[in-house]
file query03.txt (compact mmCIF, C-alpha atoms)
# COMPACT_ATOMS: atom_id res chain seq x y z
CA MET A 1 4.81 54.07 14.22
CA GLU A 2 3.46 55.31 17.55
CA HIS A 3 -0.04 53.98 16.77
CA LEU A 4 1.01 50.54 15.49
CA PRO A 5 0.29 47.34 17.44
CA ILE A 6 3.25 45.94 19.38
CA SER A 7 3.64 42.99 16.97
CA ASP A 8 3.87 45.35 13.95
CA LYS A 9 6.42 47.52 15.74
CA ALA A 10 8.57 44.45 16.41
CA VAL A 11 8.50 43.53 12.71
CA LEU A 12 9.47 47.09 11.69
CA ASN A 13 12.27 47.15 14.24
CA ARG A 14 13.69 43.91 12.81
CA TRP A 15 13.54 45.31 9.27
CA ARG A 16 15.21 48.52 10.46
CA LEU A 17 18.07 46.50 11.97
CA VAL A 18 18.40 44.50 8.75
CA LEU A 19 18.50 47.61 6.53
CA GLY A 20 21.01 49.44 8.71
CA LYS A 21 21.59 53.05 9.67
CA TYR A 22 20.96 54.41 6.20
CA ALA A 23 17.26 53.57 6.63
CA SER A 24 17.03 55.77 9.73
CA GLY A 25 15.52 58.67 7.79
CA HIS A 26 12.53 56.56 6.88
CA MET A 27 12.22 54.14 9.78
CA GLY A 28 12.81 55.12 13.40
CA LEU A 29 14.42 52.84 15.98
CA PRO A 30 13.84 52.76 19.78
CA GLY A 31 16.82 53.83 21.85
CA SER A 32 16.85 50.42 23.51
CA LEU A 33 17.96 48.87 20.20
CA LYS A 34 20.70 51.40 19.49
CA GLY A 35 23.43 49.08 20.76
CA MET A 36 22.26 46.30 18.44
CA ASP A 37 22.23 48.73 15.52
CA GLU A 38 25.81 49.84 16.19
CA ALA A 39 27.04 46.27 16.64
CA LEU A 40 25.48 45.17 13.34
CA ASP A 41 26.76 48.26 11.55
CA PHE A 42 30.29 47.63 12.84
CA LEU A 43 30.28 44.31 11.00
CA TYR A 44 28.00 44.66 7.99
CA SER A 45 29.08 48.16 6.91
CA ARG A 46 32.02 46.27 5.42
CA GLU A 47 29.67 45.43 2.53
CA GLN A 48 30.18 48.97 1.28
CA LYS A 49 33.13 49.84 -0.89
CA ALA A 50 36.13 51.23 0.95
CA ASP A 51 35.74 54.71 -0.55
CA GLU A 52 32.07 54.87 0.52
CA ARG A 53 33.02 54.01 4.11
CA GLN A 54 35.71 56.69 4.09
CA GLU A 55 33.30 59.36 2.86
CA LYS A 56 30.84 58.62 5.63
CA GLY A 57 33.43 57.74 8.25
CA GLY A 58 33.60 61.22 9.73
CA LEU A 59 29.89 61.15 10.56
CA GLU A 60 29.89 57.82 12.40
CA ALA A 61 29.63 57.90 16.21
CA SER A 62 30.66 54.32 16.87
CA HIS A 63 34.21 53.66 18.07
CA LEU A 64 33.91 49.95 18.71
CA THR A 65 37.05 47.85 18.71
CA VAL A 66 37.02 44.18 17.75
CA ALA A 67 37.28 43.13 21.40
CA ALA A 68 34.49 45.48 22.48
CA TRP A 69 32.32 44.33 19.58
CA LEU A 70 32.71 40.68 20.59
CA ASN A 71 31.60 41.50 24.13
CA GLU A 72 28.66 43.60 22.88
CA VAL A 73 27.19 40.98 20.55
CA ARG A 74 27.32 38.38 23.33
CA ARG A 75 25.50 40.76 25.65
CA LEU A 76 22.86 41.91 23.16
CA PHE A 77 21.99 38.90 21.01
CA PRO A 78 20.86 35.31 21.66
CA LYS A 79 23.41 32.50 21.33
CA GLU A 80 22.31 31.42 17.83
CA THR A 81 22.65 34.97 16.49
CA VAL A 82 26.05 35.42 18.10
CA GLN A 83 27.32 32.28 16.39
CA VAL A 84 26.17 33.61 13.00
CA LEU A 85 27.77 37.02 13.61
CA GLU A 86 31.08 35.50 14.70
CA ARG A 87 31.12 33.16 11.72
CA HIS A 88 30.46 36.06 9.33
CA ALA A 89 33.13 38.16 11.05
CA LEU A 90 35.76 35.46 10.76
CA GLU A 91 34.91 33.85 7.43
CA ARG A 92 33.18 36.52 5.36
CA TYR A 93 34.92 39.69 6.53
CA GLN A 94 38.22 38.19 7.74
CA LEU A 95 37.93 40.04 11.06
CA LYS A 96 40.71 38.09 12.75
CA GLU A 97 42.61 40.67 14.80
CA LEU A 98 42.03 38.77 18.04
CA LEU A 99 43.03 35.51 16.41
CA THR A 100 46.15 36.54 14.55
CA ASP A 101 47.52 39.67 16.22
CA ARG A 102 49.27 38.91 19.50
CA GLU A 103 49.99 42.59 20.08
CA VAL A 104 46.27 43.43 20.00
CA LEU A 105 45.50 40.71 22.52
CA GLU A 106 48.32 41.72 24.87
CA LYS A 107 47.02 45.30 25.03
CA LEU A 108 43.58 44.23 26.26
CA GLU A 109 42.73 44.51 29.96
CA PRO A 110 42.62 41.03 31.54
CA ASN A 111 39.12 40.54 32.94
CA GLN A 112 36.40 37.92 33.09
CA ALA A 113 34.65 39.18 29.94
CA LEU A 114 37.87 38.82 27.93
CA LEU A 115 38.44 35.40 29.47
CA GLY A 116 35.00 34.35 28.20
CA THR A 117 35.90 35.57 24.70
CA ILE A 118 39.16 33.60 24.77
CA LEU A 119 37.34 30.42 25.81
CA SER A 120 34.92 30.87 22.90
CA LEU A 121 37.54 31.51 20.22
CA LYS A 122 40.75 29.83 21.40
CA HIS A 123 40.25 26.87 19.06
CA LEU A 124 40.74 29.32 16.16
CA MET A 125 43.89 31.01 17.51
CA SER A 126 47.37 30.54 16.15
CA ASP A 127 49.99 29.05 18.48
CA GLN A 128 51.62 32.44 19.02
CA VAL A 129 48.36 34.16 19.96
CA LEU A 130 47.31 31.18 22.05
CA ALA A 131 50.42 31.67 24.21
CA ALA A 132 49.35 35.27 24.90
CA ALA A 133 45.80 34.10 25.57
CA ARG A 134 47.06 31.54 28.11
CA GLU A 135 48.86 34.32 29.99
CA ILE A 136 45.62 36.32 30.18
CA VAL A 137 43.80 33.24 31.45
CA ARG A 138 46.48 32.83 34.12
CA LYS A 139 46.16 36.46 35.30
CA VAL A 140 42.36 36.42 35.45
CA ALA A 141 42.32 33.02 37.19
CA ALA A 142 44.72 34.38 39.82
CA GLN A 143 42.48 37.42 40.38
CA LEU A 144 39.37 35.28 40.79
CA THR A 145 41.15 32.79 43.05
CA GLU A 146 42.30 35.54 45.37
CA ARG A 147 38.77 36.92 45.54
CA MET A 148 37.06 33.58 46.17
CA LYS A 149 39.46 31.57 48.30
CA MET A 150 39.10 33.49 51.58
CA ASP A 151 35.35 32.90 51.76
CA LEU A 152 35.57 29.27 50.65
CA GLU A 153 38.39 28.45 53.06
CA ARG A 154 36.58 30.19 55.92
CA SER A 155 33.59 27.93 55.38
CA LEU A 156 35.48 24.68 54.77
CA LEU A 157 38.44 24.62 57.15
CA GLY A 158 36.54 22.82 59.87
CA LYS A 159 33.93 23.39 62.49
CA ILE A 160 34.53 24.60 66.03
CA GLN A 161 35.99 21.86 68.24
CA LYS A 162 34.89 22.57 71.80
CA ASN A 163 36.90 19.84 73.50
CA THR A 164 40.33 21.23 72.70
CA SER A 165 41.98 24.57 73.24
CA SER A 166 43.67 26.65 70.63
CA PRO A 167 46.65 29.01 70.84
CA VAL A 168 45.02 31.12 68.11
CA ARG A 169 43.50 34.13 69.88
CA SER A 170 40.51 34.99 67.70
CA ILE A 171 37.11 36.28 68.82
CA ARG A 172 35.57 33.63 66.57
CA ASN A 173 37.35 30.94 68.64
CA LEU A 174 36.56 32.42 72.09
CA ASP A 175 35.31 29.76 74.56
CA VAL A 176 33.11 31.93 76.78
CA LYS A 177 31.81 29.18 79.10
CA LYS A 178 35.25 27.70 79.80
CA THR A 179 36.74 31.14 80.37
CA ILE A 180 34.08 31.99 82.98
CA ARG A 181 34.29 28.58 84.68
CA LYS A 182 38.09 28.60 84.97
CA ASN A 183 38.17 32.13 86.38
CA LEU A 184 35.37 31.87 88.98
CA ALA A 185 38.01 31.61 91.71
CA HIS A 186 39.02 35.18 90.87
CA TYR A 187 35.54 36.69 91.27
CA ASP A 188 35.70 39.94 93.29
CA ARG A 189 32.59 39.94 95.52
CA GLU A 190 33.02 43.52 96.69
CA GLU A 191 33.41 44.93 93.20
CA LYS A 192 31.04 42.31 91.76
CA ARG A 193 33.47 41.79 88.92
CA LEU A 194 35.05 38.70 87.39
CA LEU A 195 38.80 39.05 86.94
CA LEU A 196 40.12 37.09 83.99
CA GLU A 197 43.48 35.54 84.74
CA GLN A 198 43.38 33.47 81.57
CA VAL A 199 41.18 33.48 78.46
CA TYR A 200 40.46 30.21 76.65
CA PHE A 201 39.87 29.65 72.94
CA ASN A 202 38.36 26.73 71.01
CA GLY A 203 40.43 24.71 68.59
CA ARG A 204 39.35 23.82 65.07
CA VAL A 205 39.09 20.38 63.59
CA LYS A 206 40.85 19.70 60.28
CA ARG A 207 39.73 16.69 58.31
CA TYR A 208 42.28 15.17 55.99
CA ASN A 209 40.79 13.65 52.83
CA SER A 210 37.58 12.81 54.70
CA TRP A 211 35.35 14.09 51.90
CA ARG A 212 35.38 13.57 48.16
CA VAL A 213 33.85 16.36 46.08
CA VAL A 214 32.93 15.41 42.53
CA ILE A 215 32.31 18.45 40.32
CA ALA A 216 30.57 17.86 36.97
CA VAL A 217 30.50 20.95 34.77
CA ASP A 218 28.29 21.43 31.72
CA GLU A 219 30.43 23.05 29.00
CA SER A 220 27.57 24.19 26.75
CA GLY A 221 27.97 27.73 25.44
CA SER A 222 25.48 29.28 27.87
CA MET A 223 27.56 28.19 30.89
CA THR A 224 30.70 30.27 30.33
CA ASP A 225 30.66 32.17 33.64
CA SER A 226 29.79 29.02 35.58
CA ILE A 227 32.63 27.10 33.92
CA ILE A 228 35.11 29.82 34.88
CA HIS A 229 34.02 29.87 38.51
CA SER A 230 33.83 26.07 38.70
CA ALA A 231 37.45 25.77 37.55
CA ILE A 232 38.54 28.30 40.17
CA MET A 233 36.43 26.57 42.83
CA ALA A 234 37.94 23.16 42.01
CA GLY A 235 41.45 24.63 42.22
CA ILE A 236 40.74 26.03 45.69
CA PHE A 237 39.17 22.78 46.91
CA ALA A 238 42.12 20.74 45.60
CA ARG A 239 44.47 22.66 47.90
CA LEU A 240 42.43 22.02 51.04
CA PRO A 241 43.60 19.19 53.33
CA MET A 242 40.15 17.72 54.06
CA VAL A 243 38.84 17.48 50.48
CA GLU A 244 39.68 15.17 47.60
CA VAL A 245 38.49 16.62 44.30
CA ARG A 246 37.32 14.94 41.11
CA LEU A 247 36.52 17.26 38.20
CA VAL A 248 34.80 16.37 34.93
CA ILE A 249 33.47 18.53 32.11
CA PHE A 250 30.86 17.30 29.68
CA ASP A 251 28.63 17.95 26.70
CA THR A 252 27.58 14.73 24.98
CA GLN A 253 30.97 13.31 25.97
CA VAL A 254 32.75 13.33 29.34
CA VAL A 255 36.32 14.51 29.88
CA ASP A 256 37.91 13.72 33.25
CA LEU A 257 40.19 16.58 34.30
CA SER A 258 40.76 15.37 37.86
CA GLY A 259 44.51 15.31 37.28
CA TYR A 260 44.40 19.07 36.58
CA ALA A 261 41.89 20.04 39.27
CA ASP A 262 44.52 22.11 41.10
CA ASP A 263 45.39 24.02 37.90
CA PRO A 264 42.44 26.20 36.75
CA VAL A 265 44.43 27.51 33.77
CA GLU A 266 44.87 24.02 32.34
CA VAL A 267 41.20 23.24 33.01
CA LEU A 268 39.96 26.38 31.27
CA MET A 269 42.25 25.88 28.28
CA SER A 270 40.81 22.35 27.94
CA VAL A 271 37.20 23.54 27.70
CA GLN A 272 35.46 23.45 24.31
CA LEU A 273 32.31 25.57 24.61
CA GLY A 274 29.18 24.46 22.78
CA GLY A 275 27.78 21.14 21.66
CA GLY A 276 24.90 19.07 23.01
CA THR A 277 24.21 18.09 26.59
CA ASN A 278 23.97 14.62 28.15
CA ILE A 279 23.68 15.20 31.90
CA ALA A 280 22.58 11.64 32.61
CA GLY A 281 25.68 10.26 30.89
CA ALA A 282 27.94 12.58 32.90
CA LEU A 283 26.35 11.58 36.21
CA GLU A 284 26.62 7.91 35.25
CA TYR A 285 30.36 8.43 34.76
CA CYS A 286 30.56 10.22 38.11
CA LYS A 287 29.04 7.16 39.84
CA GLY A 288 32.25 5.33 38.99
CA LEU A 289 34.27 7.95 40.89
CA ILE A 290 32.44 7.33 44.16
CA SER A 291 33.82 4.87 46.73
CA SER A 292 32.26 6.19 49.97
CA PRO A 293 28.79 7.53 49.13
CA HIS A 294 28.09 8.96 52.60
CA LYS A 295 31.31 10.98 52.39
CA THR A 296 30.77 12.22 48.84
CA LEU A 297 29.29 15.47 47.60
CA LEU A 298 28.43 15.63 43.90
CA VAL A 299 28.16 19.17 42.53
CA LEU A 300 26.43 19.39 39.14
CA VAL A 301 26.95 22.76 37.46
CA SER A 302 24.44 23.01 34.62
CA ASP A 303 21.45 24.87 33.21
CA LEU A 304 19.67 21.46 33.41
CA CYS A 305 18.69 21.60 29.73
CA GLU A 306 19.04 17.85 29.17
CA GLY A 307 19.57 16.78 25.58
CA GLY A 308 18.36 13.20 26.12
CA PRO A 309 15.31 11.75 27.88
CA ALA A 310 14.74 13.40 31.26
CA ALA A 311 13.82 9.98 32.68
CA ASN A 312 17.45 8.87 32.30
CA LEU A 313 18.61 11.86 34.32
CA TYR A 314 16.04 11.21 37.05
CA GLY A 315 17.05 7.55 37.21
CA VAL A 316 20.76 8.10 37.76
CA CYS A 317 20.11 10.95 40.21
CA SER A 318 17.80 8.67 42.20
CA ASP A 319 20.52 6.00 42.34
CA LEU A 320 23.04 8.54 43.67
CA LEU A 321 20.70 9.90 46.35
CA GLU A 322 19.61 6.44 47.51
CA SER A 323 23.27 5.39 47.90
CA GLY A 324 23.86 8.28 50.32
CA VAL A 325 25.60 10.75 48.01
CA LYS A 326 24.72 14.39 48.64
CA VAL A 327 23.76 15.92 45.29
CA ALA A 328 23.78 19.66 44.61
CA ALA A 329 22.67 21.04 41.25
CA LEU A 330 23.92 24.60 40.84
CA THR A 331 22.34 26.66 38.09
CA ALA A 332 24.66 29.65 38.43
CA LEU A 333 28.08 30.33 39.96
CA ASP A 334 28.80 33.86 38.79
CA GLN A 335 28.93 36.87 41.08
CA ASP A 336 25.50 38.09 39.93
CA ALA A 337 23.91 34.64 40.33
CA ASN A 338 21.43 35.23 37.53
CA PRO A 339 19.96 31.77 36.86
CA ALA A 340 18.67 30.49 33.52
CA TYR A 341 17.69 26.84 33.73
CA ASN A 342 15.06 24.17 33.02
CA ARG A 343 12.66 24.73 35.90
CA THR A 344 10.74 21.48 35.37
CA ILE A 345 13.87 19.36 35.77
CA ALA A 346 15.08 21.53 38.65
CA ARG A 347 11.78 21.08 40.51
CA THR A 348 11.81 17.31 39.96
CA LEU A 349 15.39 16.92 41.21
CA ALA A 350 14.58 19.02 44.28
CA ASP A 351 11.52 16.86 45.01
CA MET A 352 13.78 13.79 44.82
CA GLY A 353 16.05 15.21 47.54
CA ALA A 354 18.79 17.00 45.63
CA PHE A 355 19.69 20.56 46.51
CA VAL A 356 18.93 22.84 43.56
CA GLY A 357 19.78 26.53 43.58
CA ALA A 358 21.72 29.48 42.26
CA MET A 359 24.65 30.53 44.44
CA THR A 360 27.50 32.96 44.42
CA PRO A 361 30.87 31.34 45.25
CA GLU A 362 30.63 32.70 48.81
CA GLN A 363 27.23 31.12 49.34
CA LEU A 364 28.49 27.88 47.84
CA GLY A 365 31.34 27.77 50.35
CA ASP A 366 28.91 28.17 53.26
CA TYR A 367 26.65 25.44 51.85
CA LEU A 368 29.49 22.96 51.37
CA GLY A 369 30.81 23.76 54.83
CA LYS A 370 27.43 22.81 56.34
CA MET A 371 27.19 19.63 54.26
CA MET A 372 30.61 18.45 55.42
CA SER A 373 30.26 19.40 59.09
call {"tool": "encode", "arguments": {"input": "query03.txt", "output": "structure tokens"}}
result
Amino acid sequence: MEHLPISDKAVLNRWRLVLGKYASGHMGLPGSLKGMDEALDFLYSREQKADERQEKGGLEASHLTVAAWLNEVRRLFPKETVQVLERHALERYQLKELLTDREVLEKLEPNQALLGTILSLKHLMSDQVLAAAREIVRKVAAQLTERMKMDLERSLLGKIQKNTSSPVRSIRNLDVKKTIRKNLAHYDREEKRLLLEQVYFNGRVKRYNSWRVVIAVDESGSMTDSIIHSAIMAGIFARLPMVEVRLVIFDTQVVDLSGYADDPVEVLMSVQLGGGTNIAGALEYCKGLISSPHKTLLVLVSDLCEGGPAANLYGVCSDLLESGVKVAALTALDQDANPAYNRTIARTLADMGAFVGAMTPEQLGDYLGKMMS
């Protein structure tokens, strides 16, 4: 196999994965594909009779659990393959521990990966398990909110106001010029030293409902991390005094969740991952939510893989920009900010005047703070 062309090696590797571990004596497998092999074996070894699995069970190295397996297949395989594997697991092999066993779910560590799994499978859960899943969503949402809110609030709670003083003694608020000017009378000429009788600090301006932020979130399956962070972001914005939030999620249809913008748990439990994508239709709906274009920021969270004609998307985006709306298309909102998006559409929107980029939540807070200052 060492001397085969790369294309032939790829074909052999695929056949080796199809045939499973019991072909390993005849066909080797690169170490990079070992995880795929174990994930497939975890599921498809169920084709063997129970007594055959027991005989060979002592020799198997894999100790995957159902929860770990779900995370692994999402990490290792493309979306279409993951959907096939999950369907086989649930329908063909009745692998429903996460869907029917509340005790199993309650023992799992609440984290963002598990939250993503819950969002993908919650439509298949029984009412009892769904209640446990909701509690996990609540815990993870609280963790993420605590982590994100300090940076977002720091950026959004107003710019320095240099015409008023503040009782808050913070180095960030220090008014150096005023402090020097007001204390010049206490300058010691012999010691050549300025004595500070009083130190002055700048105040901060708070704007109450002066900006409307419209967040439109693509709920296609590839956007799971971005959906999670968008829900948290909307919840933080909704609690700020200077921002009025409108939140919609969309695939080929639009669902307005503005009434739940301050409750990320309710938002996340309303998401249905998957389906097509009609970005133009979503932005057209968002136009109806705008009353003061010059005081509106529209945040589109999407991979920009438009399902309809791109011309429709360009048209509605042009209308928004010409009206004075600030448009930001964010291709990633997770902590790693690894973007995967339609670069042609992204480039065209940027050329039209929209901001297009991949940001962590902290960077997003700084950007919004600048836009609203």
call {"tool": "residues_around", "arguments": {"input": "query03.txt", "residues": "stretch 80-94 of chain A", "least_positions_apart": "4", "cutoff": "7 Å", "atoms": "all atoms listed in the file", "output": "list in words"}}
result
Leu43, Val73 and Arg74 of chain A
call {"tool": "residues_around", "arguments": {"input": "query03.txt", "residues": "A:His186", "least_positions_apart": "2", "cutoff": "6 Å", "atoms": "all atoms listed in the file", "output": "PyMOL selection string"}}
result
chain A and resi 183-184+195
call {"tool": "atom_distance", "arguments": {"input": "query03.txt", "atom1": "atom CA of A:Pro264", "atom2": "atom CA of A:Arg138"}}
result
8.2 Å
call {"tool": "residues_around", "arguments": {"input": "query03.txt", "residues": "stretch 281-295 of chain A", "least_positions_apart": "2", "cutoff": "9 Å", "atoms": "all atoms listed in the file", "output": "JSON, numbers by chain"}}
result
{"A": [210, 211, 212, 213, 214, 215, 216, 217, 218, 246, 248, 249, 250, 251, 252, 253, 254, 278, 279, 297, 298, 300, 312, 313, 316, 317, 319, 320, 321, 323, 324, 325, 326, 372]}
call {"tool": "closest_residue", "arguments": {"input": "query03.txt", "among": "A:Ala329, A:Leu273, A:Ile345, A:Ala234", "to": "A:Glu306", "atoms": "all atoms listed in the file"}}
result
A:Ile345
call {"tool": "closest_residue", "arguments": {"input": "query03.txt", "among": "A:Asp366, A:Ala68, A:Ser126, A:Ile180", "to": "A:Arg193", "atoms": "all atoms listed in the file"}}
result
A:Ile180
call {"tool": "residues_around", "arguments": {"input": "query03.txt", "residues": "stretch 349-352 of chain A", "least_positions_apart": "3", "cutoff": "8 Å", "atoms": "all atoms listed in the file", "output": "list in words"}}
result
Tyr314, Cys317, Ser318, Ile345, Ala346, Phe355 and Val356 of chain A
call {"tool": "closest_residue", "arguments": {"input": "query03.txt", "among": "A:Leu76, A:Met125, A:Met269, A:Leu119", "to": "A:Asp225", "atoms": "all atoms listed in the file"}}
result
A:Leu119
call {"tool": "atom_distance", "arguments": {"input": "query03.txt", "atom1": "atom CA of A:Ala311", "atom2": "atom CA of A:Met223"}}
result
22.9 Å
call {"tool": "atom_distance", "arguments": {"input": "query03.txt", "atom1": "atom CA of A:Cys305", "atom2": "atom CA of A:Asn342"}}
result
5.5 Å
call {"tool": "residues_near_point", "arguments": {"input": "query03.txt", "point": "(32.8, 37.9, 30.4)", "cutoff": "9 Å", "atoms": "all atoms listed in the file", "output": "ChimeraX atom specification"}}
result
/A:71,74,111-117,224-225
call {"tool": "closest_residue", "arguments": {"input": "query03.txt", "among": "A:Pro241, A:Gly35, A:Gly274, A:Gly315", "to": "A:Phe77", "atoms": "only C-alpha atoms"}}
result
A:Gly35
